[in-house]
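Asks: Here's a structure for you.
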Amino acid sequence: MRLPVYIFIAAFAVIVGGCTGAARRADAALARADSLIAVSPDSALAVLNDVSAAGIGRRRQARLSLLRAKAKSKCYLPLREDSAAIADAAQFYRLHGDSLAVQSQFYLGELLAESGYDSRALVPLHNAYDLAKETGDHFYAGMSARALGSIYGNMTIVEKGLEWSQAAYDHFVLAKKPIHAEWMKEMIADAHIWNGDARQALEVLDEVDSAYMEADSLFR
């Protein structure tokens with residue numbers, strides 16, 4: 001028995017309406033999470049964990065993956081369980097030439113470094129730095145340079161470690177991120193020590209802002 005055409009039309013409308021509703025709910029959740037990440041990354045992550053990647057399209061899936069990586073990184077949580085999603089987001093945003101491309105390359109590099117693949121992490125981190133510098137995004141240029149300084153230090157390429165740590169400091173200053181810049185002085189001093197220049201390390205440490213020393217016990 002053949003069903004009337006209107007039944008097929010009605011069924012199609014229900015399916016399309018359901019997909020549209022899921023997309024709208026995802027958009028609202030992603031926007032809310034994005035607004036929370038800087039001030040309350042744990043709350044942002046809770047919102048993101050309630051978003052299903054099914055049926056929302058690749059664009060929203062890529063944004064969901066990137067926001068989850070940012071929130072987890074700010075909560076000091078490992079990225080490894082999201083490795084496939086982060087790699088997919090990096091591929092999706094690769095040719096966008098904007099901040100989303102910068103961030104997705106940066107978090108891919110962070111994931112690879114966290115997983116013990118330092119040499120592989122260098123490629124996306126250099127990509128992130130170059131694009132951030134090109135687009136004037138000094139914050140992510142600083143973040144990428146900081147990660148590069150850490151990796152080169154781990155690889156005992158100490159001159160490169162110092163070079164990138166200093167670049168990170170300079171970009172954080174330009175980005176008006178004084179706390180990030182002050183923290184870089186510890187990395188720069190450490191790089192000077194590994195380069196056999198303890199006197200220069202002491203000079204860097206003597207320049208640390210005493211206000212941060214008093215306000216932050218971990219920094220002190």
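Ligands are numbered from 1 in the order shown, residues from 1 within each chain, and chains are lettered A, B, ... in the order they appear in the structure tokens.
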Extract, using only C-alpha atoms, all DNA, RNA and protein residues at most 12 Å from Gly57 of chain A, discarding same-chain residues fewer than 3 positions from it, and format them as a list in words.
Replies: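 Returned residues: Cys19, Thr20, Ala22, Ala23, Arg24, Ala26, Asp27, Ser52, Ala53, Ala54, Arg60, Gln61, Ala62, Arg63, Leu64 and Phe92 of chain A.
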Asks: For N, CA, C and O atoms, I'd like the residues from the last selection saved as an mmCIF file, in the first residue's frame.
Replies:
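Dumped to again.cif:
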data_model
loop_
_atom_site.group_PDB
_atom_site.id
_atom_site.type_symbol
_atom_site.label_atom_id
_atom_site.label_comp_id
_atom_site.auth_asym_id
_atom_site.auth_seq_id
_atom_site.Cartn_x
_atom_site.Cartn_y
_atom_site.Cartn_z
ATOM 1 N N CYS A 19 16.241 18.912 13.307
ATOM 2 C CA CYS A 19 17.637 19.289 13.056
ATOM 3 C C CYS A 19 17.852 20.778 13.293
ATOM 4 O O CYS A 19 18.855 21.195 13.883
ATOM 5 N N THR A 20 16.902 21.591 12.813
ATOM 6 C CA THR A 20 17.007 23.036 13.002
ATOM 7 C C THR A 20 16.964 23.393 14.483
ATOM 8 O O THR A 20 17.720 24.254 14.954
ATOM 9 N N ALA A 22 17.901 21.495 17.011
ATOM 10 C CA ALA A 22 19.165 21.083 17.609
ATOM 11 C C ALA A 22 20.263 22.093 17.298
ATOM 12 O O ALA A 22 21.082 22.418 18.163
ATOM 13 N N ALA A 23 20.266 22.606 16.073
ATOM 14 C CA ALA A 23 21.273 23.589 15.674
ATOM 15 C C ALA A 23 21.106 24.881 16.462
ATOM 16 O O ALA A 23 22.090 25.476 16.919
ATOM 17 N N ARG A 24 19.837 25.320 16.631
ATOM 18 C CA ARG A 24 19.587 26.553 17.397
ATOM 19 C C ARG A 24 20.027 26.390 18.846
ATOM 20 O O ARG A 24 20.631 27.299 19.429
ATOM 21 N N ALA A 26 22.274 24.340 19.957
ATOM 22 C CA ALA A 26 23.738 24.276 19.979
ATOM 23 C C ALA A 26 24.341 25.669 19.860
ATOM 24 O O ALA A 26 25.282 26.007 20.588
ATOM 25 N N ASP A 27 23.795 26.500 18.956
ATOM 26 C CA ASP A 27 24.301 27.864 18.782
ATOM 27 C C ASP A 27 24.202 28.652 20.088
ATOM 28 O O ASP A 27 25.134 29.371 20.477
ATOM 29 N N SER A 52 25.518 17.970 22.300
ATOM 30 C CA SER A 52 25.795 16.780 21.495
ATOM 31 C C SER A 52 26.317 17.202 20.125
ATOM 32 O O SER A 52 25.774 18.110 19.497
ATOM 33 N N ALA A 53 27.380 16.530 19.678
ATOM 34 C CA ALA A 53 27.948 16.851 18.366
ATOM 35 C C ALA A 53 27.135 16.254 17.227
ATOM 36 O O ALA A 53 27.338 16.610 16.060
ATOM 37 N N ALA A 54 26.193 15.390 17.551
ATOM 38 C CA ALA A 54 25.411 14.716 16.511
ATOM 39 C C ALA A 54 24.391 15.675 15.889
ATOM 40 O O ALA A 54 23.665 16.374 16.597
ATOM 41 N N ARG A 60 29.588 23.727 13.423
ATOM 42 C CA ARG A 60 29.325 23.797 14.863
ATOM 43 C C ARG A 60 30.164 22.774 15.620
ATOM 44 O O ARG A 60 30.601 23.030 16.748
ATOM 45 N N GLN A 61 30.382 21.616 15.015
ATOM 46 C CA GLN A 61 31.233 20.609 15.657
ATOM 47 C C GLN A 61 32.650 21.144 15.859
ATOM 48 O O GLN A 61 33.259 20.929 16.911
ATOM 49 N N ALA A 62 33.170 21.846 14.852
ATOM 50 C CA ALA A 62 34.514 22.413 14.955
ATOM 51 C C ALA A 62 34.565 23.474 16.050
ATOM 52 O O ALA A 62 35.520 23.530 16.840
ATOM 53 N N ARG A 63 33.525 24.308 16.117
ATOM 54 C CA ARG A 63 33.496 25.330 17.166
ATOM 55 C C ARG A 63 33.374 24.694 18.546
ATOM 56 O O ARG A 63 34.026 25.121 19.500
ATOM 57 N N LEU A 64 32.562 23.657 18.656
ATOM 58 C CA LEU A 64 32.415 22.932 19.920
ATOM 59 C C LEU A 64 33.763 22.356 20.355
ATOM 60 O O LEU A 64 34.158 22.479 21.525
ATOM 61 N N PHE A 92 39.544 21.834 9.858
ATOM 62 C CA PHE A 92 38.410 22.626 9.377
ATOM 63 C C PHE A 92 38.782 24.105 9.265
ATOM 64 O O PHE A 92 38.434 24.784 8.282
#
Asks: Excluding Ala175 of chain A and any residue of its chain fewer than 3 positions from it, enumerate the residues within 6 Å of it, using only C-alpha atoms, and give them as a PyMOL selection string.
Replies: chain A and resi 138-139+172
Asks: Enumerate the residues of segment 39-116 of chain A with a DSSP assignment of helix (DSSP H, G or I), computed from the backbone, and present them as an MDAnalysis selection string.
Replies: chainID A and resid 41:49 57:74 80:93 99:114
Asks: Next, write the just-selected residues to a file, as an mmCIF file, in the first residue's frame, keeping C-alpha atoms as the atom set.
Replies:
data_model
loop_
_atom_site.group_PDB
_atom_site.id
_atom_site.type_symbol
_atom_site.label_atom_id
_atom_site.label_comp_id
_atom_site.auth_asym_id
_atom_site.auth_seq_id
_atom_site.Cartn_x
_atom_site.Cartn_y
_atom_site.Cartn_z
ATOM 1 C CA PRO A 41 36.104 28.087 32.303
ATOM 2 C CA ASP A 42 34.678 25.315 34.492
ATOM 3 C CA SER A 43 31.163 26.675 33.940
ATOM 4 C CA ALA A 44 31.847 26.969 30.206
ATOM 5 C CA LEU A 45 33.009 23.364 30.124
ATOM 6 C CA ALA A 46 29.843 22.223 31.911
ATOM 7 C CA VAL A 47 27.736 23.961 29.233
ATOM 8 C CA LEU A 48 29.817 22.409 26.433
ATOM 9 C CA ASN A 49 29.587 18.935 27.913
ATOM 10 C CA GLY A 57 26.913 20.123 11.212
ATOM 11 C CA ARG A 58 30.680 20.273 10.880
ATOM 12 C CA ARG A 59 30.958 24.034 11.437
ATOM 13 C CA ARG A 60 29.325 23.797 14.863
ATOM 14 C CA GLN A 61 31.233 20.609 15.657
ATOM 15 C CA ALA A 62 34.514 22.413 14.955
ATOM 16 C CA ARG A 63 33.496 25.330 17.166
ATOM 17 C CA LEU A 64 32.415 22.932 19.920
ATOM 18 C CA SER A 65 35.783 21.131 19.753
ATOM 19 C CA LEU A 66 37.759 24.373 19.835
ATOM 20 C CA LEU A 67 35.784 25.796 22.755
ATOM 21 C CA ARG A 68 36.163 22.529 24.692
ATOM 22 C CA ALA A 69 39.922 22.624 24.133
ATOM 23 C CA LYS A 70 40.103 26.229 25.376
ATOM 24 C CA ALA A 71 37.956 25.537 28.437
ATOM 25 C CA LYS A 72 39.850 22.362 29.357
ATOM 26 C CA SER A 73 43.197 24.082 28.924
ATOM 27 C CA LYS A 74 42.115 26.920 31.228
ATOM 28 C CA ARG A 80 44.105 13.820 25.011
ATOM 29 C CA GLU A 81 40.569 12.440 25.193
ATOM 30 C CA ASP A 82 39.509 15.077 22.623
ATOM 31 C CA SER A 83 42.443 14.432 20.286
ATOM 32 C CA ALA A 84 40.392 13.433 17.210
ATOM 33 C CA ALA A 85 37.984 16.367 17.632
ATOM 34 C CA ILE A 86 40.831 18.886 18.082
ATOM 35 C CA ALA A 87 42.625 17.563 14.997
ATOM 36 C CA ASP A 88 39.382 17.799 13.004
ATOM 37 C CA ALA A 89 38.810 21.392 14.160
ATOM 38 C CA ALA A 90 42.366 22.320 13.167
ATOM 39 C CA GLN A 91 41.766 20.845 9.717
ATOM 40 C CA PHE A 92 38.410 22.626 9.377
ATOM 41 C CA TYR A 93 39.822 26.060 10.315
ATOM 42 C CA SER A 99 41.823 33.873 14.950
ATOM 43 C CA LEU A 100 39.969 30.560 14.731
ATOM 44 C CA ALA A 101 42.771 29.180 12.570
ATOM 45 C CA VAL A 102 45.357 30.513 15.032
ATOM 46 C CA GLN A 103 43.611 29.015 18.051
ATOM 47 C CA SER A 104 42.924 25.633 16.477
ATOM 48 C CA GLN A 105 46.583 25.288 15.435
ATOM 49 C CA PHE A 106 47.707 26.362 18.900
ATOM 50 C CA TYR A 107 45.553 23.810 20.720
ATOM 51 C CA LEU A 108 46.594 21.081 18.286
ATOM 52 C CA GLY A 109 50.186 21.895 19.191
ATOM 53 C CA GLU A 110 49.344 21.848 22.899
ATOM 54 C CA LEU A 111 47.678 18.457 22.472
ATOM 55 C CA LEU A 112 50.692 16.985 20.674
ATOM 56 C CA ALA A 113 53.130 18.360 23.250
ATOM 57 C CA GLU A 114 50.981 17.057 26.099
#
Asks: In terms of the shortest atom-to-atom distance over only C-alpha atoms, which of A:Leu174, A:Trp194, A:Lys185, A:Glu134 is closest to Glu159 of chain A?
Replies: A:Trp194
Asks: Check the smallest atom-to-atom distance from each of A:His180, A:Lys160, A:Arg94, A:Arg199 to Phe219 of chain A using only C-alpha atoms, then report the winner.
Replies: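 Among A:His180, A:Lys160, A:Arg94, A:Arg199, it is A:His180 that comes nearest to Phe219 of chain A.
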Asks: Compare A:Ala141, A:Ser40, A:Thr135, A:Gln166 by their minimum atom-to-atom distance to Val204 of chain A, counting only C-alpha atoms, and give me the closest one.
Replies: A:Gln166
Asks: Using only C-alpha atoms, which of A:Leu202, A:Ala29, A:Leu79, A:Ala215 sits nearest Ala189 of chain A?
Replies: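 The answer is A:Leu202, which sits nearest to Ala189 of chain A.
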